[in-house]
file target_9.cif (mmCIF, C-alpha atoms)
data_work
#
loop_
_atom_site.label_atom_id
_atom_site.label_comp_id
_atom_site.auth_asym_id
_atom_site.auth_seq_id
_atom_site.Cartn_x
_atom_site.Cartn_y
_atom_site.Cartn_z
CA MET A 1 145.78 129.97 71.64
CA ARG A 2 144.31 132.01 74.45
CA GLY A 3 141.60 131.55 76.97
CA ILE A 4 141.23 127.78 76.69
CA ALA A 5 140.05 126.20 79.93
CA GLY A 6 138.18 123.05 80.76
CA GLN A 7 138.32 119.59 82.20
CA ALA A 8 137.66 116.08 80.96
CA ARG A 9 136.46 113.29 83.21
CA PRO A 10 137.21 109.56 83.17
CA GLY A 11 134.94 107.70 80.79
CA SER A 12 134.23 110.77 78.66
CA ILE A 13 135.14 111.58 75.06
CA LEU A 14 136.10 115.20 74.54
CA VAL A 15 136.13 116.33 70.91
CA LEU A 16 138.28 119.29 69.83
CA THR A 17 137.19 120.92 66.60
CA GLY A 18 138.21 124.05 64.74
CA PRO A 19 139.46 125.20 61.35
CA ASN A 20 142.92 124.32 60.04
CA GLY A 21 145.58 126.17 62.01
CA SER A 22 143.35 126.76 65.01
CA GLY A 23 145.73 124.78 67.23
CA LYS A 24 143.97 121.44 67.76
CA SER A 25 147.16 119.41 67.24
CA THR A 26 149.20 121.90 69.27
CA LEU A 27 146.72 121.66 72.14
CA LEU A 28 146.94 117.85 72.07
CA GLN A 29 150.75 118.06 72.17
CA ILE A 30 150.50 120.43 75.13
CA LEU A 31 148.15 117.96 76.84
CA ALA A 32 150.69 115.19 76.19
CA GLY A 33 153.53 117.27 77.63
CA LEU A 34 155.39 117.40 74.30
CA ILE A 35 155.12 121.20 74.13
CA ARG A 36 155.30 123.50 77.14
CA PRO A 37 152.69 126.28 77.02
CA THR A 38 154.08 129.81 77.29
CA ARG A 39 151.32 130.48 79.84
CA GLY A 40 148.84 128.32 81.68
CA GLU A 41 149.08 124.72 82.82
CA VAL A 42 147.82 121.21 82.27
CA ARG A 43 147.06 119.09 85.31
CA TYR A 44 146.09 115.45 85.58
CA LEU A 45 144.27 114.39 88.74
CA ASP A 46 143.63 110.94 90.12
CA GLY A 47 142.31 109.67 93.44
CA ASP A 48 145.62 110.55 95.14
CA GLY A 49 145.78 114.12 93.86
CA GLU A 50 147.83 115.62 91.05
CA VAL A 51 149.83 113.24 88.86
CA PRO A 52 153.51 114.33 88.78
CA ARG A 53 154.81 115.25 85.34
CA GLU A 54 157.35 112.41 85.26
CA GLU A 55 154.43 109.99 85.66
CA TRP A 56 152.54 111.33 82.62
CA ARG A 57 154.25 108.91 80.23
CA HIS A 58 152.63 106.00 82.09
CA ARG A 59 149.19 107.64 82.14
CA ILE A 60 148.93 109.11 78.62
CA GLY A 61 148.69 107.35 75.26
CA MET A 62 148.77 109.32 72.05
CA ALA A 63 148.30 108.65 68.35
CA ALA A 64 148.96 111.55 66.02
CA PRO A 65 150.49 112.37 62.65
CA ALA A 66 153.30 114.13 64.59
CA LEU A 67 154.24 110.82 66.25
CA ALA A 68 155.89 108.73 63.55
CA LEU A 69 156.79 105.07 63.90
CA TYR A 70 160.16 103.48 63.14
CA GLU A 71 159.93 102.61 59.46
CA GLU A 72 162.91 100.22 59.61
CA LEU A 73 161.17 98.01 62.16
CA THR A 74 158.25 95.61 61.79
CA ALA A 75 154.96 96.19 63.61
CA MET A 76 155.92 93.69 66.34
CA GLU A 77 159.38 95.27 66.74
CA ASN A 78 157.82 98.75 67.05
CA LEU A 79 155.45 97.56 69.77
CA GLU A 80 158.20 95.62 71.54
CA PHE A 81 160.41 98.71 71.58
CA CYS A 82 157.58 100.87 72.97
CA ALA A 83 156.94 98.28 75.69
CA ARG A 84 160.61 97.95 76.67
CA VAL A 85 161.29 101.68 76.72
CA ARG A 86 158.23 102.23 78.91
CA GLY A 87 159.58 99.66 81.33
CA LEU A 88 156.73 97.19 80.72
CA GLU A 89 157.09 93.43 80.97
CA VAL A 90 157.55 92.28 77.37
CA ASP A 91 154.93 89.61 76.88
CA GLY A 92 154.81 88.22 73.33
CA ASP A 93 151.14 87.26 73.62
CA ARG A 94 150.19 90.72 74.87
CA LEU A 95 151.99 92.34 71.93
CA ARG A 96 150.40 89.96 69.44
CA ASN A 97 146.96 90.54 70.93
CA GLY A 98 147.58 94.29 70.74
CA LEU A 99 148.19 94.03 67.01
CA VAL A 100 145.26 91.69 66.40
CA ALA A 101 143.00 94.10 68.31
CA VAL A 102 143.72 96.85 65.77
CA GLY A 103 143.35 94.51 62.78
CA LEU A 104 147.04 93.91 62.01
CA ASP A 105 148.80 90.60 61.41
CA PRO A 106 151.51 90.10 64.08
CA ASP A 107 153.41 87.67 61.83
CA ARG A 108 153.69 90.10 58.92
CA PRO A 109 157.45 90.40 58.26
CA THR A 110 157.17 93.72 56.37
CA VAL A 111 158.80 96.74 57.97
CA VAL A 112 156.49 99.67 58.76
CA GLY A 113 157.97 101.70 55.89
CA GLY A 114 156.12 99.28 53.59
CA PHE A 115 152.77 99.73 55.36
CA SER A 116 149.88 101.76 53.93
CA THR A 117 149.04 104.94 55.86
CA GLY A 118 145.90 103.23 57.18
CA MET A 119 147.91 100.31 58.56
CA GLN A 120 150.39 102.74 60.13
CA GLN A 121 147.46 104.52 61.75
CA ARG A 122 146.23 101.23 63.24
CA LEU A 123 149.73 100.51 64.57
CA LYS A 124 149.88 103.98 66.13
CA LEU A 125 146.64 103.19 67.96
CA ALA A 126 148.11 99.89 69.16
CA GLN A 127 151.20 101.62 70.59
CA ALA A 128 149.02 104.35 72.15
CA VAL A 129 147.05 101.85 74.27
CA LEU A 130 149.87 99.34 74.85
CA HIS A 131 150.57 100.56 78.39
CA ASP A 132 146.88 100.76 79.33
CA PRO A 133 146.83 104.57 79.76
CA ASP A 134 144.19 106.52 81.67
CA VAL A 135 144.13 109.27 79.04
CA LEU A 136 144.06 108.71 75.29
CA LEU A 137 144.86 111.62 72.96
CA LEU A 138 143.95 111.10 69.30
CA ASP A 139 144.74 113.55 66.52
CA GLU A 140 142.72 112.99 63.32
CA PRO A 141 142.47 109.28 64.17
CA GLY A 142 140.36 108.26 61.17
CA ALA A 143 142.12 110.36 58.54
CA ASN A 144 143.70 107.44 56.66
CA LEU A 145 141.20 104.69 57.37
CA ASP A 146 138.74 103.16 54.89
CA PRO A 147 134.98 103.25 55.71
CA ASP A 148 135.11 99.86 57.48
CA GLY A 149 138.16 101.04 59.38
CA GLN A 150 136.34 104.17 60.47
CA ASP A 151 133.43 102.10 61.79
CA TRP A 152 135.91 99.92 63.67
CA LEU A 153 137.66 103.03 65.02
CA ALA A 154 134.39 104.46 66.37
CA GLU A 155 133.78 101.22 68.28
CA PHE A 156 137.40 101.14 69.46
CA VAL A 157 137.27 104.71 70.83
CA ARG A 158 133.87 104.20 72.49
CA GLY A 159 135.19 100.99 74.03
CA MET A 160 138.19 102.86 75.45
CA ALA A 161 135.88 105.41 77.08
CA GLU A 162 133.56 102.71 78.42
CA GLU A 163 136.54 101.11 80.14
CA GLY A 164 136.95 104.37 82.07
CA ARG A 165 139.59 106.16 80.04
CA THR A 166 139.46 109.84 79.24
CA VAL A 167 139.59 110.22 75.45
CA VAL A 168 140.40 113.51 73.73
CA VAL A 169 139.95 113.57 69.95
CA ALA A 170 141.03 116.40 67.64
CA THR A 171 139.12 116.18 64.40
CA ASN A 172 137.23 117.95 61.66
CA ASP A 173 135.43 114.80 60.54
CA ARG A 174 131.66 115.16 61.01
CA ASP A 175 131.21 111.51 62.04
CA GLU A 176 134.04 111.65 64.57
CA MET A 177 132.52 114.82 66.07
CA THR A 178 129.48 112.76 67.10
CA TRP A 179 131.60 110.42 69.26
CA GLY A 180 131.96 112.89 72.05
CA THR A 181 129.72 113.88 74.87
CA ASP A 182 131.69 117.10 75.23
CA ARG A 183 132.92 119.32 72.44
CA VAL A 184 135.32 122.29 72.38
CA ALA A 185 135.45 124.43 69.26
CA LEU A 186 138.72 126.31 68.92
CA PRO A 187 138.47 129.70 67.22
CA GLY A 188 140.36 130.09 63.90
CA MET B 1 168.65 100.61 88.45
CA TRP B 2 168.03 97.35 86.48
CA ARG B 3 164.89 98.87 85.03
CA PHE B 4 166.84 101.95 83.92
CA LEU B 5 169.47 99.73 82.29
CA GLY B 6 166.79 97.64 80.56
CA GLU B 7 165.12 100.74 79.10
CA THR B 8 168.52 102.14 78.04
CA MET B 9 169.37 98.86 76.32
CA ALA B 10 166.02 99.03 74.50
CA VAL B 11 166.96 102.40 72.96
CA PHE B 12 170.44 101.09 72.10
CA ALA B 13 169.10 97.86 70.56
CA LYS B 14 166.51 99.78 68.53
CA ASP B 15 169.19 102.15 67.18
CA MET B 16 171.52 99.26 66.30
CA ARG B 17 168.72 97.34 64.58
CA CYS B 18 167.65 100.40 62.54
CA GLU B 19 171.28 101.18 61.71
CA PHE B 20 172.04 97.65 60.54
CA ARG B 21 169.03 97.88 58.22
CA THR B 22 169.96 101.27 56.70
CA ARG B 23 173.69 101.63 57.50
CA VAL B 24 173.55 105.42 57.11
CA ALA B 25 175.83 106.28 60.06
CA PHE B 26 178.13 103.27 59.58
CA ASN B 27 178.61 104.06 55.89
CA SER B 28 179.23 107.78 56.54
CA LEU B 29 181.85 107.05 59.18
CA ALA B 30 183.55 104.24 57.26
CA LEU B 31 183.62 106.14 53.97
CA PHE B 32 185.14 109.22 55.56
CA ALA B 33 187.65 107.25 57.62
CA VAL B 34 188.83 105.04 54.74
CA THR B 35 189.06 107.98 52.32
CA THR B 36 191.08 110.07 54.78
CA LEU B 37 193.29 107.12 55.69
CA ALA B 38 193.92 106.31 52.03
CA ALA B 39 194.80 109.96 51.28
CA VAL B 40 197.15 110.21 54.28
CA SER B 41 198.88 106.88 53.62
CA TYR B 42 199.21 107.61 49.89
CA THR B 43 200.73 111.08 50.33
CA ILE B 44 202.81 110.45 53.46
CA GLY B 45 203.03 106.66 53.87
CA PRO B 46 205.47 104.98 56.25
CA TYR B 47 208.54 106.76 54.89
CA GLY B 48 207.32 110.35 54.33
CA ILE B 49 208.11 111.43 57.91
CA ALA B 50 211.53 111.59 59.56
CA GLU B 51 212.05 108.88 62.21
CA ALA B 52 212.29 111.41 65.05
CA ASP B 53 209.01 113.15 64.10
CA ARG B 54 207.02 109.96 63.65
CA PRO B 55 205.49 109.48 67.12
CA TYR B 56 204.10 113.01 67.31
CA LEU B 57 202.89 113.33 63.71
CA LEU B 58 201.47 109.83 63.43
CA GLY B 59 199.63 110.25 66.75
CA ALA B 60 198.19 113.57 65.60
CA LEU B 61 197.19 112.24 62.17
CA LEU B 62 195.46 109.24 63.74
CA TRP B 63 193.23 111.41 65.93
CA ILE B 64 192.53 113.82 63.06
CA VAL B 65 191.24 110.89 60.99
CA VAL B 66 189.11 109.62 63.91
CA PHE B 67 187.81 113.13 64.70
CA PHE B 68 186.66 113.90 61.16
CA ALA B 69 185.09 110.47 60.77
CA ALA B 70 183.20 111.08 64.04
CA MET B 71 182.02 114.46 62.76
CA ALA B 72 180.70 112.76 59.62
CA GLY B 73 178.36 110.30 61.32
CA LEU B 74 177.91 110.52 65.08
CA ASP B 75 175.18 113.15 64.93
CA ARG B 76 172.92 110.74 63.00
CA SER B 77 171.41 109.03 66.03
CA PHE B 78 169.62 112.21 67.15
CA VAL B 79 169.24 113.97 63.79
CA LYS B 80 167.49 110.94 62.31
CA GLU B 81 164.93 110.90 65.14
CA GLU B 82 164.03 114.52 64.34
CA GLU B 83 164.09 114.12 60.55
CA THR B 84 161.85 111.05 60.57
CA HIS B 85 159.57 112.57 63.27
CA THR B 86 160.07 109.64 65.65
CA ALA B 87 161.50 111.91 68.37
CA PRO B 88 158.03 112.90 69.76
CA LEU B 89 157.16 109.23 70.31
CA LEU B 90 160.45 108.75 72.12
CA ARG B 91 159.83 111.89 74.22
CA LEU B 92 156.40 110.60 75.14
CA ALA B 93 157.45 107.05 76.00
CA ALA B 94 160.97 107.21 77.43
CA ARG B 95 162.71 108.91 80.31
CA PRO B 96 165.22 111.54 79.07
CA LEU B 97 168.21 109.88 80.72
CA VAL B 98 167.26 106.56 79.15
CA VAL B 99 167.36 108.19 75.70
CA TRP B 100 170.69 109.83 76.47
CA GLY B 101 172.16 106.58 77.78
CA GLY B 102 170.97 104.57 74.79
CA LYS B 103 172.28 107.09 72.28
CA LEU B 104 175.60 107.37 74.15
CA LEU B 105 175.97 103.59 74.07
CA PHE B 106 175.16 103.54 70.36
CA ASN B 107 177.72 106.26 69.57
CA THR B 108 180.36 104.56 71.74
CA VAL B 109 179.87 101.19 70.04
CA THR B 110 179.81 102.79 66.57
CA LEU B 111 183.03 104.67 67.27
CA ALA B 112 184.66 101.59 68.84
CA LEU B 113 183.77 99.51 65.76
CA LEU B 114 185.21 102.20 63.51
CA MET B 115 188.43 102.38 65.54
CA ALA B 116 188.71 98.58 65.64
CA ILE B 117 188.89 98.60 61.84
CA LEU B 118 190.68 101.91 61.33
CA VAL B 119 193.53 101.68 63.84
CA PRO B 120 195.03 98.32 62.68
CA LEU B 121 194.83 99.58 59.07
CA TYR B 122 196.51 102.82 60.11
CA VAL B 123 199.27 100.96 61.97
CA VAL B 124 200.01 98.79 58.92
CA LEU B 125 199.70 101.45 56.22
CA MET B 126 201.68 104.10 58.12
CA GLY B 127 204.28 101.65 59.44
CA LEU B 128 203.51 102.68 63.02
CA SER B 129 205.54 100.92 65.69
CA VAL B 130 204.15 101.16 69.25
CA ARG B 131 206.44 100.44 72.22
CA THR B 132 203.66 100.05 74.79
CA PRO B 133 200.66 98.56 72.93
CA GLY B 134 198.64 98.09 76.13
CA TRP B 135 198.81 101.76 77.05
CA PHE B 136 198.21 102.68 73.41
CA ILE B 137 194.93 100.69 73.44
CA LEU B 138 193.97 102.25 76.78
CA VAL B 139 194.44 105.76 75.35
CA LEU B 140 192.34 104.79 72.32
CA ALA B 141 189.59 103.37 74.56
CA ALA B 142 189.52 106.46 76.80
CA GLY B 143 189.49 108.69 73.70
CA CYS B 144 186.65 106.68 72.18
CA LEU B 145 184.51 107.11 75.32
CA ALA B 146 185.28 110.80 75.77
CA LEU B 147 184.62 111.55 72.08
CA ALA B 148 181.33 109.64 72.21
CA VAL B 149 180.16 111.49 75.35
CA THR B 150 180.93 114.89 73.84
CA THR B 151 179.50 114.22 70.39
CA THR B 152 176.32 112.71 71.88
CA ILE B 153 175.34 115.84 73.82
CA VAL B 154 176.33 118.12 70.93
CA ALA B 155 174.26 115.98 68.53
CA ALA B 156 171.27 116.30 70.88
CA ILE B 157 171.69 120.08 70.93
CA VAL B 158 171.98 120.51 67.16
CA ALA B 159 169.34 117.92 66.18
CA ARG B 160 166.49 120.43 66.37
CA ALA B 161 168.41 123.27 64.69
CA MET B 162 168.68 124.23 61.04
CA SER B 163 172.07 123.73 59.28
CA ARG B 164 172.70 120.77 61.56
CA GLY B 165 175.81 119.45 59.81
CA ALA B 166 177.75 122.69 60.05
CA LEU B 167 176.55 123.40 63.58
CA PHE B 168 177.59 119.95 64.79
CA ALA B 169 181.21 120.57 63.78
CA VAL B 170 181.21 124.21 64.96
CA LEU B 171 179.92 123.32 68.44
CA SER B 172 182.06 120.19 68.74
CA VAL B 173 185.43 121.74 67.93
CA PRO B 174 185.83 123.94 71.05
CA LEU B 175 184.65 121.08 73.28
CA LEU B 176 186.84 118.47 71.62
CA LEU B 177 189.99 120.51 71.04
CA PRO B 178 191.44 120.17 74.59
CA LEU B 179 190.51 116.50 74.54
CA LEU B 180 192.26 115.95 71.22
CA VAL B 181 195.40 117.70 72.47
CA PHE B 182 195.64 115.33 75.47
CA LEU B 183 194.79 112.31 73.32
CA ILE B 184 197.56 113.17 70.87
CA GLN B 185 200.02 113.65 73.75
CA GLY B 186 198.99 110.33 75.28
CA THR B 187 199.21 108.50 71.96
CA ARG B 188 202.66 109.94 71.31
CA ALA B 189 203.84 108.90 74.77
CA ALA B 190 202.45 105.37 74.27
CA ILE B 191 204.19 105.09 70.90
CA GLU B 192 207.49 106.17 72.50
CA GLY B 193 206.95 104.01 75.61
CA ARG B 194 206.88 106.89 78.13
CA VAL B 195 204.38 105.45 80.62
CA PRO B 196 204.34 108.39 83.15
CA ASP B 197 203.43 110.76 80.31
CA VAL B 198 200.72 108.36 79.13
CA LEU B 199 199.28 108.35 82.65
CA ALA B 200 199.28 112.15 82.83
CA ALA B 201 197.47 112.40 79.50
CA LEU B 202 195.00 109.65 80.50
CA ARG B 203 194.19 111.51 83.72
CA ALA B 204 193.38 114.63 81.69
CA VAL B 205 191.27 112.68 79.17
CA VAL B 206 189.33 110.86 81.91
CA SER B 207 188.78 114.16 83.76
CA LEU B 208 187.49 115.94 80.66
CA GLY B 209 185.32 112.94 79.76
CA GLY B 210 184.00 112.75 83.32
CA VAL B 211 183.12 116.44 83.43
CA MET B 212 181.36 116.13 80.08
CA THR B 213 179.43 113.04 81.27
CA VAL B 214 178.16 114.75 84.42
CA ALA B 215 177.34 117.97 82.53
CA SER B 216 175.52 115.97 79.84
CA ALA B 217 173.44 114.04 82.37
CA PHE B 218 172.20 117.32 83.87
CA LEU B 219 171.87 119.19 80.56
CA PHE B 220 170.22 116.50 78.45
CA PRO B 221 166.71 116.51 79.98
CA VAL B 222 166.49 120.26 79.33
CA VAL B 223 167.85 119.94 75.78
CA TRP B 224 165.55 116.99 75.03
CA HIS B 225 162.30 118.54 76.23
CA ASP B 226 162.84 122.24 75.48
#
call {"tool": "encode", "arguments": {"input": "target_9.cif", "output": "structure tokens"}}
result
Amino acid sequence: MRGIAGQARPGSILVLTGPNGSGKSTLLQILAGLIRPTRGEVRYLDGDGEVPREEWRHRIGMAAPALALYEELTAMENLEFCARVRGLEVDGDRLRNGLVAVGLDPDRPTVVGGFSTGMQQRLKLAQAVLHDPDVLLLDEPGANLDPDGQDWLAEFVRGMAEEGRTVVVATNDRDEMTWGTDRVALPG
Amino acid sequence: MWRFLGETMAVFAKDMRCEFRTRVAFNSLALFAVTTLAAVSYTIGPYGIAEADRPYLLGALLWIVVFFAAMAGLDRSFVKEEETHTAPLLRLAARPLVVWGGKLLFNTVTLALLMAILVPLYVVLMGLSVRTPGWFILVLAAGCLALAVTTTIVAAIVARAMSRGALFAVLSVPLLLPLLVFLIQGTRAAIEGRVPDVLAALRAVVSLGGVMTVASAFLFPVVWHD
């Protein structure tokens, strides 16, 4: 990828599009700090100035195929682990509400390895917003969801933006492309 | 500090919970240790070594069994995160030192559990008589910690490489060889009841383990993110 520059503001939905292999997922991973770019930089700004890199994990939430969940754990155990490792207060009600908000049953005893891909996708969204991030990065968020799930997802993402979060979505889905007020098309 | 410990314990508890549900690392370690111990006790047994040679050879054989068992399973904690693609989530959510601390704790407990089962069996099957059991246990505990520290950082390094299994052993051997030499010397001295020699060996083991701990703490964030 070369020559990519831009900025996304709080409350906006930025949609990244482009053919397979154009680097949408890679760009999202760079934005999340998972991959260091060979050149260039990513900066997050808030009212106090630039957010230090070690703070990014508190400010960014991400759901992507590259971020797998622990298949040996249940949905509640996955969320509880994410909360503990992020240093959040582990509140059972908050975790349960997080699962209910994405349409999952918090009392389901099945481990995530037994979930459908759509249910795993919903759980990924729940872990992505668990710490109330300012920036939400979503890679092909509706890829494994049924039509009702995709409608729910559109509302969910719009709701996130309306609450003031910056949402960046990488997608090739025509419906998902309409979510955004801003769109960046990566060259193939 | 308490927050750091809480986050570290979260990584450790998650690893233990996953391991108890799959038992991949536990089974690898136990299978290798029991097979090696059975082969050694069957071919040598309590009477296959002259009385005078026993302390040295039995001490060396014990650490060889522990070393190869460690090589068989202690890389799993990091390799599994990469193979199952859960490592990016961990990179995104956790501080690097928290991950290192949790994995180190997991490897230490796994190795301690293995040694708690293996060493009594070894003592019985090989007819090992220890003159200073307290010092013997102290050498084992120091060895367990130092082995866990070294294998944890090596596992982190090799987890993202191809041919992980071979690389884990290749990179571990030069780092563990001096440690094993001192552990064997300390074990021999404890078996023979030579406390000053045990202390000298323990000092060397603690020093090597300490150096490796400090080096790992500085190296791990780079290894984990790059």
call {"tool": "resolve_selection", "arguments": {"input": "target_9.cif", "expression": "the PyMOL selection byres ((chain A) within 6 of (chain B))", "output": "list of chain:residue names"}}
result
A:Arg57, A:Leu67, A:Ala68, A:Leu69, A:Glu72, A:Arg84, A:Val85, A:Arg86
call {"tool": "residues_around", "arguments": {"input": "target_9.cif", "residues": "stretch 168-181 of chain A", "least_positions_apart": "2", "cutoff": "7 Å", "atoms": "all atoms listed in the file", "output": "list in words"}}
result
Ser12, Ile13, Leu14, Val15, Leu16, Thr17, Gly18, Lys24, Ser25, Leu136, Leu137, Leu138, Asp139, Glu140, Thr166 and Arg183 of chain A
call {"tool": "atom_distance", "arguments": {"input": "target_9.cif", "atom1": "atom CA of B:Ala169", "atom2": "atom CA of B:Leu74"}}
result
10.7 Å
call {"tool": "closest_residue", "arguments": {"input": "target_9.cif", "among": "B:Val170, B:Leu177, B:Leu140, B:Ala30", "to": "B:Ile157", "atoms": "all atoms listed in the file"}}
result
B:Val170
call {"tool": "residues_near_point", "arguments": {"input": "target_9.cif", "point": "(182.0, 103.6, 55.6)", "cutoff": "12 Å", "atoms": "all atoms listed in the file", "output": "PyMOL selection string"}}
result
chain B and resi 23-37+69-70+72-73+110-111+113-115+117-118
call {"tool": "decode", "arguments": {"input": "target_9.cif", "residues": "stretch 113-124 of chain B", "atoms": "N, CA and C atoms", "output": "PDB file, in the first residue's frame"}}
result
ATOM      1  N   LEU B 113       4.304 -29.273  38.222  1.00  0.00           N
ATOM      2  CA  LEU B 113       3.389 -30.424  38.321  1.00  0.00           C
ATOM      3  C   LEU B 113       4.059 -31.678  37.761  1.00  0.00           C
ATOM      4  N   LEU B 114       4.739 -31.492  36.622  1.00  0.00           N
ATOM      5  CA  LEU B 114       5.430 -32.636  36.007  1.00  0.00           C
ATOM      6  C   LEU B 114       6.483 -33.187  36.963  1.00  0.00           C
ATOM      7  N   MET B 115       7.282 -32.261  37.544  1.00  0.00           N
ATOM      8  CA  MET B 115       8.363 -32.706  38.430  1.00  0.00           C
ATOM      9  C   MET B 115       7.802 -33.318  39.715  1.00  0.00           C
ATOM     10  N   ALA B 116       6.663 -32.829  40.174  1.00  0.00           N
ATOM     11  CA  ALA B 116       6.055 -33.379  41.392  1.00  0.00           C
ATOM     12  C   ALA B 116       5.659 -34.842  41.196  1.00  0.00           C
ATOM     13  N   ILE B 117       5.326 -35.196  39.966  1.00  0.00           N
ATOM     14  CA  ILE B 117       4.967 -36.596  39.675  1.00  0.00           C
ATOM     15  C   ILE B 117       6.213 -37.388  39.301  1.00  0.00           C
ATOM     16  N   LEU B 118       7.056 -36.769  38.489  1.00  0.00           N
ATOM     17  CA  LEU B 118       8.208 -37.474  37.912  1.00  0.00           C
ATOM     18  C   LEU B 118       9.284 -37.802  38.951  1.00  0.00           C
ATOM     19  N   VAL B 119       9.639 -36.824  39.780  1.00  0.00           N
ATOM     20  CA  VAL B 119      10.784 -37.014  40.682  1.00  0.00           C
ATOM     21  C   VAL B 119      10.554 -38.141  41.714  1.00  0.00           C
ATOM     22  N   PRO B 120       9.395 -38.187  42.403  1.00  0.00           N
ATOM     23  CA  PRO B 120       9.183 -39.318  43.327  1.00  0.00           C
ATOM     24  C   PRO B 120       9.246 -40.669  42.600  1.00  0.00           C
ATOM     25  N   LEU B 121       8.668 -40.725  41.386  1.00  0.00           N
ATOM     26  CA  LEU B 121       8.725 -41.971  40.611  1.00  0.00           C
ATOM     27  C   LEU B 121      10.174 -42.342  40.304  1.00  0.00           C
ATOM     28  N   TYR B 122      10.941 -41.327  39.923  1.00  0.00           N
ATOM     29  CA  TYR B 122      12.350 -41.526  39.575  1.00  0.00           C
ATOM     30  C   TYR B 122      13.127 -42.039  40.792  1.00  0.00           C
ATOM     31  N   VAL B 123      12.861 -41.409  41.935  1.00  0.00           N
ATOM     32  CA  VAL B 123      13.567 -41.801  43.171  1.00  0.00           C
ATOM     33  C   VAL B 123      13.287 -43.271  43.505  1.00  0.00           C
ATOM     34  N   VAL B 124      12.026 -43.670  43.350  1.00  0.00           N
ATOM     35  CA  VAL B 124      11.642 -45.050  43.686  1.00  0.00           C
ATOM     36  C   VAL B 124      12.202 -46.027  42.650  1.00  0.00           C
TER      37      VAL B 124
END
